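Structure file model-v2.cif (mmCIF, C-alpha atoms) follows.
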data_entry
loop_
_atom_site.label_atom_id
_atom_site.label_comp_id
_atom_site.auth_asym_id
_atom_site.auth_seq_id
_atom_site.Cartn_x
_atom_site.Cartn_y
_atom_site.Cartn_z
CA MET A 1337 -29.98 11.70 -27.94
CA ALA A 1338 -32.79 11.55 -25.39
CA ALA A 1339 -33.97 8.11 -26.50
CA PRO A 1340 -30.59 6.33 -26.05
CA LYS A 1341 -30.08 7.97 -22.66
CA ASN A 1342 -33.58 6.93 -21.59
CA LEU A 1343 -32.92 3.38 -22.78
CA THR A 1344 -29.62 3.28 -20.86
CA LEU A 1345 -31.34 4.48 -17.69
CA ARG A 1346 -34.12 1.91 -17.99
CA ALA A 1347 -31.61 -0.86 -18.68
CA GLY A 1348 -29.61 0.18 -15.60
CA VAL A 1349 -32.70 0.16 -13.39
CA LEU A 1350 -33.70 -3.26 -14.73
CA SER A 1351 -30.20 -4.61 -14.05
CA VAL A 1352 -30.34 -3.37 -10.45
CA LEU A 1353 -33.79 -4.94 -9.96
CA LEU A 1354 -32.58 -8.27 -11.36
CA PHE A 1355 -29.54 -8.15 -9.07
CA LEU A 1356 -31.74 -7.48 -6.04
CA ALA A 1357 -34.08 -10.30 -7.07
CA LEU A 1358 -31.15 -12.71 -7.33
CA LEU A 1359 -29.94 -11.63 -3.89
CA GLY A 1360 -33.42 -12.22 -2.50
CA ILE A 1361 -33.61 -15.71 -4.01
CA TRP A 1362 -30.13 -16.46 -2.67
CA TYR A 1363 -31.09 -15.26 0.81
CA VAL A 1364 -34.28 -17.33 0.90
CA ALA A 1365 -32.55 -20.44 -0.47
CA THR A 1366 -29.81 -20.32 2.18
CA ALA A 1367 -31.95 -19.12 5.13
CA PRO A 1368 -31.90 -21.46 8.16
CA ALA A 1369 -35.00 -23.56 8.64
CA GLN A 1370 -36.98 -23.14 11.84
CA GLY A 1371 -38.17 -25.69 14.35
CA GLY A 1372 -34.96 -27.34 15.46
CA ALA A 1373 -36.51 -28.98 18.53
CA ALA A 1374 -39.27 -30.60 16.50
CA GLY A 1375 -36.74 -31.94 14.04
CA THR A 1376 -35.21 -34.35 16.55
CA ALA A 1377 -38.51 -35.38 18.16
CA GLY A 1378 -38.91 -39.15 18.22
CA MET A 1379 -35.29 -39.78 17.20
CA THR A 1380 -32.91 -41.85 19.28
CA PRO A 1381 -29.38 -40.54 20.01
CA GLU A 1382 -28.02 -43.15 17.59
CA GLN A 1383 -30.32 -41.91 14.81
CA ILE A 1384 -29.30 -38.30 15.45
CA GLU A 1385 -25.60 -39.22 15.30
CA TYR A 1386 -26.11 -41.22 12.12
CA ALA A 1387 -27.92 -38.30 10.48
CA LYS A 1388 -24.99 -36.02 11.34
CA MET A 1389 -22.50 -38.51 9.88
CA MET A 1390 -24.53 -38.51 6.66
CA GLY A 1391 -24.19 -34.72 6.40
CA LYS A 1392 -27.74 -33.96 7.52
CA ASP A 1393 -28.87 -31.68 10.31
CA PRO A 1394 -31.52 -33.49 12.37
CA GLY A 1395 -32.32 -30.23 14.14
CA GLY A 1396 -33.79 -28.75 10.99
CA ALA A 1397 -30.90 -26.38 10.22
CA PRO A 1398 -30.37 -25.42 6.61
CA ALA A 1399 -30.24 -28.89 5.13
CA LYS A 1400 -31.82 -27.52 1.97
CA SER A 1401 -28.88 -25.18 1.38
CA GLY A 1402 -26.37 -28.01 1.26
CA GLY A 1403 -23.82 -25.82 2.99
CA PHE A 1404 -24.02 -23.10 0.34
CA PRO A 1405 -22.85 -19.77 1.80
CA THR A 1406 -25.32 -17.04 2.65
CA PRO A 1407 -25.13 -13.53 1.15
CA GLY A 1408 -23.84 -12.30 4.51
CA ALA A 1409 -21.01 -14.83 4.52
CA MET A 1410 -20.11 -13.88 0.94
CA GLY A 1411 -20.11 -10.20 1.86
CA ALA A 1412 -17.68 -10.86 4.70
CA THR A 1413 -15.42 -12.86 2.38
CA VAL A 1414 -15.45 -10.14 -0.28
CA TRP A 1415 -14.57 -7.50 2.29
CA SER A 1416 -11.74 -9.57 3.76
CA HIS A 1417 -10.16 -10.01 0.31
CA LEU A 1418 -10.62 -6.44 -0.88
CA SER A 1419 -9.48 -4.88 2.40
CA ASP A 1420 -6.03 -6.47 2.10
CA PRO A 1421 -5.48 -7.64 -1.51
CA PHE A 1422 -1.66 -7.53 -1.48
CA TYR A 1423 -0.73 -9.72 1.49
CA ASP A 1424 1.80 -12.52 1.00
CA ASN A 1425 2.00 -15.24 3.64
CA GLY A 1426 3.73 -17.88 1.59
CA PRO A 1427 3.29 -19.92 -1.60
CA ASN A 1428 -0.33 -20.95 -0.94
CA ASP A 1429 -1.54 -17.82 0.81
CA LYS A 1430 -1.38 -14.67 -1.30
CA GLY A 1431 -3.76 -11.74 -1.72
CA ILE A 1432 -6.21 -11.66 -4.60
CA ALA A 1433 -4.39 -8.74 -6.26
CA ILE A 1434 -1.14 -10.74 -6.35
CA GLN A 1435 -2.93 -13.77 -7.81
CA LEU A 1436 -4.58 -11.60 -10.46
CA GLY A 1437 -1.27 -9.91 -11.19
CA TYR A 1438 0.39 -13.22 -12.04
CA SER A 1439 -2.52 -14.27 -14.26
CA LEU A 1440 -2.71 -10.94 -16.09
CA ALA A 1441 1.07 -10.94 -16.62
CA ARG A 1442 0.93 -14.39 -18.23
CA VAL A 1443 -2.01 -13.36 -20.40
CA ALA A 1444 -0.31 -10.11 -21.44
CA LEU A 1445 2.93 -11.86 -22.40
CA GLY A 1446 1.26 -14.70 -24.33
CA PHE A 1447 -1.21 -12.32 -25.99
CA GLY A 1448 1.55 -9.86 -26.91
CA LEU A 1449 3.64 -12.59 -28.52
CA ALA A 1450 0.57 -13.74 -30.45
CA CYS A 1451 0.03 -10.18 -31.72
CA LEU A 1452 3.63 -10.00 -32.94
CA VAL A 1453 3.16 -13.23 -34.91
CA ALA A 1454 -0.47 -13.20 -36.01
CA ILE A 1455 -0.92 -9.61 -37.23
CA PRO A 1456 2.11 -9.42 -39.60
CA LEU A 1457 1.48 -12.97 -40.83
CA GLY A 1458 -2.20 -12.18 -41.32
CA PHE A 1459 -1.21 -9.12 -43.36
CA VAL A 1460 0.94 -11.25 -45.65
CA ILE A 1461 -1.71 -13.95 -46.01
CA GLY A 1462 -4.45 -11.40 -46.68
CA MET A 1463 -2.46 -9.71 -49.43
CA SER A 1464 -1.53 -12.97 -51.17
CA PRO A 1465 -4.33 -15.21 -52.51
CA LEU A 1466 -1.73 -17.91 -53.18
CA LEU A 1467 -0.55 -18.01 -49.55
CA ARG A 1468 -4.13 -17.82 -48.32
CA ARG A 1469 -5.08 -20.94 -50.24
CA ALA A 1470 -1.85 -22.76 -49.38
CA LEU A 1471 -1.99 -22.11 -45.61
CA ASP A 1472 -5.75 -22.43 -45.13
CA PRO A 1473 -5.68 -26.25 -44.62
CA PHE A 1474 -3.06 -25.92 -41.89
CA ILE A 1475 -4.98 -23.14 -40.15
CA GLN A 1476 -8.25 -25.08 -40.30
CA VAL A 1477 -6.59 -28.16 -38.76
CA LEU A 1478 -4.76 -26.34 -35.96
CA LYS A 1479 -7.46 -23.78 -35.08
CA PRO A 1480 -10.02 -26.20 -33.53
CA ILE A 1481 -7.48 -27.90 -31.23
CA SER A 1482 -8.19 -27.14 -27.59
CA PRO A 1483 -5.40 -24.97 -26.15
CA LEU A 1484 -5.14 -27.24 -23.11
CA ALA A 1485 -4.36 -30.16 -25.41
CA TRP A 1486 -1.02 -28.44 -26.05
CA MET A 1487 -0.17 -28.35 -22.34
CA PRO A 1488 1.38 -31.86 -22.04
CA LEU A 1489 3.54 -31.24 -25.10
CA ALA A 1490 4.56 -27.83 -23.76
CA LEU A 1491 5.46 -29.24 -20.33
CA TYR A 1492 7.51 -32.01 -21.96
CA THR A 1493 9.46 -29.73 -24.30
CA ILE A 1494 9.74 -26.51 -22.26
CA LYS A 1495 9.93 -28.18 -18.82
CA ASP A 1496 8.70 -25.05 -17.06
CA SER A 1497 5.10 -24.75 -15.92
CA SER A 1498 4.95 -20.96 -16.00
CA ILE A 1499 6.39 -20.68 -19.51
CA SER A 1500 4.13 -23.54 -20.61
CA GLY A 1501 1.13 -21.52 -19.44
CA ILE A 1502 2.33 -18.54 -21.49
CA PHE A 1503 2.76 -20.81 -24.52
CA VAL A 1504 -0.83 -22.05 -24.16
CA ILE A 1505 -2.05 -18.44 -24.08
CA PHE A 1506 0.02 -17.73 -27.18
CA ILE A 1507 -1.33 -20.70 -29.12
CA CYS A 1508 -4.97 -19.95 -28.28
CA SER A 1509 -4.60 -16.24 -29.11
CA VAL A 1510 -2.93 -16.65 -32.50
CA TRP A 1511 -5.77 -18.10 -34.54
CA PRO A 1512 -8.59 -15.55 -34.11
CA MET A 1513 -6.16 -12.67 -34.75
CA LEU A 1514 -4.58 -14.42 -37.73
CA VAL A 1515 -7.88 -15.28 -39.39
CA ASN A 1516 -9.48 -11.88 -38.76
CA THR A 1517 -6.39 -9.97 -39.89
CA ALA A 1518 -6.17 -11.96 -43.12
CA PHE A 1519 -9.89 -11.49 -43.74
CA GLY A 1520 -9.74 -7.75 -43.02
CA VAL A 1521 -6.77 -7.19 -45.30
CA ALA A 1522 -8.28 -9.28 -48.09
CA SER A 1523 -11.58 -7.38 -47.79
CA VAL A 1524 -10.12 -3.90 -48.32
CA LYS A 1525 -12.01 -2.22 -51.16
CA ARG A 1526 -10.28 -2.62 -54.49
CA ASP A 1527 -11.12 1.00 -55.37
CA TRP A 1528 -8.97 2.28 -52.51
CA LEU A 1529 -6.05 0.11 -53.61
CA ASN A 1530 -6.46 1.29 -57.19
CA VAL A 1531 -6.39 4.93 -56.10
CA SER A 1532 -3.20 4.34 -54.10
CA ALA A 1533 -1.64 2.64 -57.14
CA THR A 1534 -2.67 5.56 -59.34
CA LEU A 1535 -1.00 7.96 -56.91
CA GLU A 1536 2.12 5.74 -56.99
CA VAL A 1537 2.07 5.18 -53.24
CA SER A 1538 4.87 2.89 -52.10
CA PRO A 1539 3.86 -0.59 -50.83
CA LEU A 1540 4.95 0.25 -47.28
CA ARG A 1541 2.94 3.49 -47.17
CA ARG A 1542 -0.02 1.73 -48.77
CA ALA A 1543 0.08 -0.92 -46.02
CA PHE A 1544 0.13 1.65 -43.21
CA LEU A 1545 -2.02 4.42 -44.71
CA VAL A 1546 -4.63 2.47 -46.69
CA ILE A 1547 -4.81 -1.20 -45.73
CA LEU A 1548 -4.20 -0.95 -41.97
CA PRO A 1549 -6.86 1.74 -41.28
CA ALA A 1550 -9.36 -0.13 -43.44
CA ALA A 1551 -8.70 -3.49 -41.79
CA ALA A 1552 -8.28 -2.13 -38.24
CA PRO A 1553 -11.88 -2.83 -37.07
CA THR A 1554 -11.63 -6.46 -38.19
CA ILE A 1555 -8.18 -6.83 -36.64
CA LEU A 1556 -9.47 -5.43 -33.32
CA THR A 1557 -12.37 -7.88 -33.48
CA GLY A 1558 -9.88 -10.73 -33.71
CA MET A 1559 -7.85 -9.31 -30.83
CA ARG A 1560 -10.99 -8.97 -28.72
CA ILE A 1561 -11.95 -12.58 -29.37
CA SER A 1562 -8.41 -13.73 -28.63
CA MET A 1563 -8.31 -11.88 -25.33
CA GLY A 1564 -11.58 -13.47 -24.24
CA ILE A 1565 -10.26 -16.94 -25.08
CA ALA A 1566 -6.92 -16.22 -23.38
CA TRP A 1567 -8.61 -15.17 -20.13
CA LEU A 1568 -10.70 -18.35 -20.21
CA VAL A 1569 -7.71 -20.58 -20.87
CA ILE A 1570 -5.35 -19.11 -18.26
CA VAL A 1571 -7.70 -20.13 -15.45
CA ALA A 1572 -7.77 -23.74 -16.60
CA ALA A 1573 -4.02 -23.76 -17.33
CA GLU A 1574 -3.19 -22.49 -13.84
CA MET A 1575 -5.38 -25.18 -12.33
CA LEU A 1576 -3.23 -27.75 -14.12
CA VAL A 1577 0.24 -26.33 -13.51
CA GLY A 1578 -0.34 -24.85 -10.02
CA GLY A 1579 1.89 -22.26 -8.41
CA THR A 1580 0.24 -18.85 -8.52
CA GLY A 1581 -2.58 -17.16 -10.35
CA ILE A 1582 -6.33 -16.84 -10.08
CA GLY A 1583 -6.89 -20.32 -11.55
CA TYR A 1584 -4.62 -21.91 -8.97
CA PHE A 1585 -6.37 -19.83 -6.29
CA VAL A 1586 -9.73 -21.38 -7.27
CA TRP A 1587 -8.34 -24.91 -7.17
CA ASN A 1588 -6.48 -24.36 -3.92
CA GLU A 1589 -9.56 -22.94 -2.19
CA TRP A 1590 -11.63 -25.87 -3.42
CA ASN A 1591 -9.09 -28.23 -1.88
CA ASN A 1592 -9.44 -26.21 1.35
CA LEU A 1593 -13.25 -26.65 1.11
CA SER A 1594 -13.72 -22.87 1.19
CA LEU A 1595 -16.76 -22.40 -1.02
CA THR A 1596 -17.01 -18.67 -0.29
CA ASN A 1597 -13.48 -18.11 -1.60
CA VAL A 1598 -14.25 -20.19 -4.70
CA ILE A 1599 -17.35 -18.10 -5.44
CA PHE A 1600 -15.41 -14.88 -4.81
CA ALA A 1601 -12.72 -16.01 -7.27
CA ILE A 1602 -15.36 -16.87 -9.88
CA LEU A 1603 -16.92 -13.43 -9.54
CA THR A 1604 -13.47 -11.82 -9.76
CA ILE A 1605 -12.69 -13.74 -12.95
CA GLY A 1606 -15.97 -12.57 -14.45
CA VAL A 1607 -15.44 -8.92 -13.51
CA VAL A 1608 -11.86 -8.84 -14.85
CA GLY A 1609 -12.97 -10.56 -18.07
CA MET A 1610 -15.74 -7.99 -18.50
CA LEU A 1611 -13.29 -5.10 -18.00
CA LEU A 1612 -10.86 -6.56 -20.54
CA ASP A 1613 -13.68 -6.96 -23.07
CA LEU A 1614 -14.88 -3.40 -22.45
CA ALA A 1615 -11.35 -2.08 -23.02
CA PHE A 1616 -11.11 -3.81 -26.40
CA ALA A 1617 -14.65 -2.68 -27.26
CA GLN A 1618 -13.56 0.93 -26.74
CA LEU A 1619 -10.48 0.39 -28.91
CA GLN A 1620 -12.65 -1.18 -31.58
CA LYS A 1621 -15.03 1.77 -31.46
CA ALA A 1622 -12.11 4.19 -31.77
CA VAL A 1623 -10.84 2.65 -35.03
CA THR A 1624 -14.24 1.97 -36.59
CA TYR A 1625 -15.03 4.34 -39.46
CA VAL A 1626 -18.27 5.31 -41.19
CA GLU A 1627 -18.19 5.13 -44.97
#
Before we go any further, please render this structure as structure tokens.
Amino acid sequence: MAAPKNLTLRAGVLSVLLFLALLGIWYVATAPAQGGAAGTAGMTPEQIEYAKMMGKDPGGAPAKSGGFPTPGAMGATVWSHLSDPFYDNGPNDKGIAIQLGYSLARVALGFGLACLVAIPLGFVIGMSPLLRRALDPFIQVLKPISPLAWMPLALYTIKDSSISGIFVIFICSVWPMLVNTAFGVASVKRDWLNVSATLEVSPLRRAFLVILPAAAPTILTGMRISMGIAWLVIVAAEMLVGGTGIGYFVWNEWNNLSLTNVIFAILTIGVVGMLLDLAFAQLQKAVTYVE
């Protein structure tokens, strides 16, 4: 036990050092340049004005940063969002917690509907070689289609942007769960099925007491993959349909030319995605068995 704990500690220290190094590089890259008076030496007022119109700072200010925010500016932005995450000042001005709430609700609804369809159907396909062969061409054709390619069709038929976003989450979440469930069920050891048949276990009890526990790790793997894809897709979908959500927040702040808010939203998306993945990793660990 000492070796894994030591490895975890060393990995944590290395992560902190890398984070501090990145902060240092960021600080140096966005630090103001010195020598403002010398920068305008020999320049006429017209040349100075022209340089400003071209987006340059003739005084030698941080032209190299290209307007990229400093770590201090990002810290102030992060604090302003986290200190009041639930404010609501109108359609285009909501707190980050409200924006995340809308996105997570859409993901949860679309993902939940996909679970209700993909897992039972995957069970049936996995237990029937005939169905597996018959449906495989359809699955292989539909699976590679980008979820966002369904958005125009969804908007045309459903005529509601919010429900269309949920549909896109549903369609992108179905395939990994369906394929992994069918594979997990089909891969259950034949010896276990033979023992259950010898004990005259009913098909329903066999499904819940033998097949489901054996296939659970593979099913959770499919759910974990689906959740990762769903969280990726909802951001892009909300950029397209607008309204509310973390994806719309990113696009709206870009239109407002607020780069600090865009970076904050990107970091928030990454942190939430990591937490969702960790949650499914713990579930996967809980159902994994050692033979």
### Separation of CA of Ile1494 (chain A) from CA of Leu1514 (chain A), in Å and rounded to one decimal
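Atom-to-atom, CA of Ile1494 (chain A) and CA of Leu1514 (chain A) are spaced 24.3 Å apart.
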### Query
Which of these residues is nearest to Leu1445 (chain A), using all atoms listed in the file: A:Thr1493, A:Ser1509, A:Thr1554, A:Ser1594?
A:Ser1509
### Task
With only C-alpha atoms counted, which protein, DNA or RNA residues have an atom no more than 6 Å from (-6.7, -22.8, -20.9) in the file frame? Please answer as a PyMOL selection string.
chain A and resi 1483-1484+1569-1570+1572-1573
Prev. selection, C-alpha atoms, output as an mmCIF file, keeping the file's coordinate frame:
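Printed below is out_23.cif as written:
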data_model
loop_
_atom_site.group_PDB
_atom_site.id
_atom_site.type_symbol
_atom_site.label_atom_id
_atom_site.label_comp_id
_atom_site.auth_asym_id
_atom_site.auth_seq_id
_atom_site.Cartn_x
_atom_site.Cartn_y
_atom_site.Cartn_z
ATOM 1 C CA PRO A 1483 -5.400 -24.970 -26.150
ATOM 2 C CA LEU A 1484 -5.140 -27.240 -23.110
ATOM 3 C CA VAL A 1569 -7.710 -20.580 -20.870
ATOM 4 C CA ILE A 1570 -5.350 -19.110 -18.260
ATOM 5 C CA ALA A 1572 -7.770 -23.740 -16.600
ATOM 6 C CA ALA A 1573 -4.020 -23.760 -17.330
#
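The space between CA of Ala1522 (chain A) and CA of Gly1462 (chain A) spans 4.6 Å.
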### Selected residue of minimal separation from Ser1482 (chain A) among A:Ile1565, A:Val1608, A:Phe1585, A:Ile1361, counting only C-alpha atoms
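For Ser1482 (chain A), the nearest of the given residues is A:Ile1565.
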#### Entry: Gly1448 (chain A) surroundings by all atoms listed in the file, 10 Å radius, close-in-sequence under 3 positions cut, as an MDAnalysis selection string
chainID A and resid 1442:1445 1451:1454 1505:1506 1509:1510
Keeping only C-alpha atoms, take the residues you just selected and write them out as a PDB file, in the frame of the given file.
ATOM      1  CA  ARG A1442       0.930 -14.390 -18.230  1.00  0.00           C
ATOM      2  CA  VAL A1443      -2.010 -13.360 -20.400  1.00  0.00           C
ATOM      3  CA  ALA A1444      -0.310 -10.110 -21.440  1.00  0.00           C
ATOM      4  CA  LEU A1445       2.930 -11.860 -22.400  1.00  0.00           C
ATOM      5  CA  CYS A1451       0.030 -10.180 -31.720  1.00  0.00           C
ATOM      6  CA  LEU A1452       3.630 -10.000 -32.940  1.00  0.00           C
ATOM      7  CA  VAL A1453       3.160 -13.230 -34.910  1.00  0.00           C
ATOM      8  CA  ALA A1454      -0.470 -13.200 -36.010  1.00  0.00           C
ATOM      9  CA  ILE A1505      -2.050 -18.440 -24.080  1.00  0.00           C
ATOM     10  CA  PHE A1506       0.020 -17.730 -27.180  1.00  0.00           C
ATOM     11  CA  SER A1509      -4.600 -16.240 -29.110  1.00  0.00           C
ATOM     12  CA  VAL A1510      -2.930 -16.650 -32.500  1.00  0.00           C
TER      13      VAL A1510
END
### Task
Give me, please, the distance in Å between CA of Phe1600 (chain A) and CA of Tyr1584 (chain A), quoted to one decimal.
13.5 Å
Show me a table, sorted first by chain and then by increasing residue number, of the residues of region 1536-1584 of chain A having an atom at most 10 Å from region 1419-1434 of chain A, each with its shortest atom pair and the distance in Å to one decimal, counting all atoms listed in the file and written as CSV.
residue,atom,partner,partner_atom,distance
A:Gly1578,CA,A:Asn1428,CA,9.9
A:Gly1579,CA,A:Pro1427,CA,7.3
A:Thr1580,CA,A:Pro1427,CA,7.6
A:Gly1581,CA,A:Ile1434,CA,7.7
A:Ile1582,CA,A:Ile1432,CA,7.5
A:Tyr1584,CA,A:Asn1428,CA,9.2
### Task
Using all atoms listed in the file, pick whichever of A:Trp1511, A:Arg1468, A:Gly1558, A:Phe1459 has the shortest atom-to-atom distance to Ile1481 (chain A).
A:Trp1511
### Of the listed residues A:Thr1344, A:Thr1413, A:Ser1500, A:Ser1562, that which approaches Pro1512 (chain A) most closely, counting only C-alpha atoms
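Closest candidate: A:Ser1562.
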Test item: the PyMOL selection byres ((chain A and resi 1550) around 10) resolved as a PDB file with C-alpha atoms, in the frame of the given file:
ATOM      1  CA  GLY A1520      -9.740  -7.750 -43.020  1.00  0.00           C
ATOM      2  CA  VAL A1521      -6.770  -7.190 -45.300  1.00  0.00           C
ATOM      3  CA  SER A1523     -11.580  -7.380 -47.790  1.00  0.00           C
ATOM      4  CA  VAL A1524     -10.120  -3.900 -48.320  1.00  0.00           C
ATOM      5  CA  LYS A1525     -12.010  -2.220 -51.160  1.00  0.00           C
ATOM      6  CA  TRP A1528      -8.970   2.280 -52.510  1.00  0.00           C
ATOM      7  CA  ALA A1543       0.080  -0.920 -46.020  1.00  0.00           C
ATOM      8  CA  PHE A1544       0.130   1.650 -43.210  1.00  0.00           C
ATOM      9  CA  LEU A1545      -2.020   4.420 -44.710  1.00  0.00           C
ATOM     10  CA  VAL A1546      -4.630   2.470 -46.690  1.00  0.00           C
ATOM     11  CA  ILE A1547      -4.810  -1.200 -45.730  1.00  0.00           C
ATOM     12  CA  LEU A1548      -4.200  -0.950 -41.970  1.00  0.00           C
ATOM     13  CA  PRO A1549      -6.860   1.740 -41.280  1.00  0.00           C
ATOM     14  CA  ALA A1551      -8.700  -3.490 -41.790  1.00  0.00           C
ATOM     15  CA  ALA A1552      -8.280  -2.130 -38.240  1.00  0.00           C
ATOM     16  CA  PRO A1553     -11.880  -2.830 -37.070  1.00  0.00           C
ATOM     17  CA  THR A1554     -11.630  -6.460 -38.190  1.00  0.00           C
ATOM     18  CA  ILE A1555      -8.180  -6.830 -36.640  1.00  0.00           C
ATOM     19  CA  VAL A1623     -10.840   2.650 -35.030  1.00  0.00           C
ATOM     20  CA  THR A1624     -14.240   1.970 -36.590  1.00  0.00           C
ATOM     21  CA  TYR A1625     -15.030   4.340 -39.460  1.00  0.00           C
TER      22      TYR A1625
END
Draw an axis-aligned box over all listed atoms of region 1521-1528 of chain A, pad each side with 4 Å, and write its centre and edge lengths in Å, one decimal, as JSON.
{"center_x": -9.4, "center_y": -3.5, "center_z": -50.3, "size_x": 13.2, "size_y": 19.6, "size_z": 18.1}
### Task
Find the spatial neighbours of Gly1606 (chain A), counting only C-alpha atoms, within a cut-off of 12 Å - ignore same-chain residues fewer than 5 positions away - and output them as a ChimeraX atom specification.
/A:1564,1567-1568,1571,1582,1599-1601,1611-1613
Please, can region 1440-1461 of chain A be completed to N, CA and C atoms and returned as a tab-separated table (two decimals), keeping the file's coordinate frame?
chain	number	residue	atom	x	y	z
A	1440	LEU	N	-2.69	-11.98	-15.06
A	1440	LEU	CA	-2.71	-10.94	-16.09
A	1440	LEU	C	-1.35	-10.81	-16.77
A	1441	ALA	N	-0.27	-11.01	-16.02
A	1441	ALA	CA	1.07	-10.94	-16.62
A	1441	ALA	C	1.25	-12.06	-17.64
A	1442	ARG	N	0.82	-13.27	-17.29
A	1442	ARG	CA	0.93	-14.39	-18.23
A	1442	ARG	C	0.08	-14.13	-19.47
A	1443	VAL	N	-1.13	-13.65	-19.26
A	1443	VAL	CA	-2.01	-13.36	-20.40
A	1443	VAL	C	-1.40	-12.27	-21.28
A	1444	ALA	N	-0.89	-11.22	-20.66
A	1444	ALA	CA	-0.31	-10.11	-21.44
A	1444	ALA	C	0.88	-10.57	-22.26
A	1445	LEU	N	1.74	-11.40	-21.67
A	1445	LEU	CA	2.93	-11.86	-22.40
A	1445	LEU	C	2.54	-12.79	-23.55
A	1446	GLY	N	1.68	-13.78	-23.27
A	1446	GLY	CA	1.26	-14.70	-24.33
A	1446	GLY	C	0.48	-13.99	-25.42
A	1447	PHE	N	-0.41	-13.08	-25.01
A	1447	PHE	CA	-1.21	-12.32	-25.99
A	1447	PHE	C	-0.33	-11.40	-26.81
A	1448	GLY	N	0.65	-10.75	-26.18
A	1448	GLY	CA	1.55	-9.86	-26.91
A	1448	GLY	C	2.38	-10.60	-27.94
A	1449	LEU	N	2.88	-11.78	-27.56
A	1449	LEU	CA	3.64	-12.59	-28.52
A	1449	LEU	C	2.75	-13.02	-29.69
A	1450	ALA	N	1.49	-13.35	-29.38
A	1450	ALA	CA	0.57	-13.74	-30.45
A	1450	ALA	C	0.32	-12.58	-31.40
A	1451	CYS	N	0.21	-11.35	-30.86
A	1451	CYS	CA	0.03	-10.18	-31.72
A	1451	CYS	C	1.22	-10.00	-32.66
A	1452	LEU	N	2.43	-10.18	-32.13
A	1452	LEU	CA	3.63	-10.00	-32.94
A	1452	LEU	C	3.72	-11.01	-34.07
A	1453	VAL	N	3.12	-12.19	-33.87
A	1453	VAL	CA	3.16	-13.23	-34.91
A	1453	VAL	C	1.94	-13.14	-35.82
A	1454	ALA	N	0.75	-13.04	-35.24
A	1454	ALA	CA	-0.47	-13.20	-36.01
A	1454	ALA	C	-0.76	-12.01	-36.91
A	1455	ILE	N	-0.54	-10.78	-36.43
A	1455	ILE	CA	-0.92	-9.61	-37.23
A	1455	ILE	C	-0.04	-9.46	-38.48
A	1456	PRO	N	1.30	-9.50	-38.36
A	1456	PRO	CA	2.11	-9.42	-39.60
A	1456	PRO	C	1.85	-10.59	-40.55
A	1457	LEU	N	1.73	-11.81	-39.98
A	1457	LEU	CA	1.48	-12.97	-40.83
A	1457	LEU	C	0.11	-12.87	-41.48
A	1458	GLY	N	-0.88	-12.38	-40.74
A	1458	GLY	CA	-2.20	-12.18	-41.32
A	1458	GLY	C	-2.19	-11.17	-42.44
A	1459	PHE	N	-1.37	-10.11	-42.30
A	1459	PHE	CA	-1.21	-9.12	-43.36
A	1459	PHE	C	-0.70	-9.80	-44.63
A	1460	VAL	N	0.35	-10.60	-44.48
A	1460	VAL	CA	0.94	-11.25	-45.65
A	1460	VAL	C	-0.05	-12.21	-46.30
A	1461	ILE	N	-0.75	-12.99	-45.46
A	1461	ILE	CA	-1.71	-13.95	-46.01
A	1461	ILE	C	-2.86	-13.23	-46.69
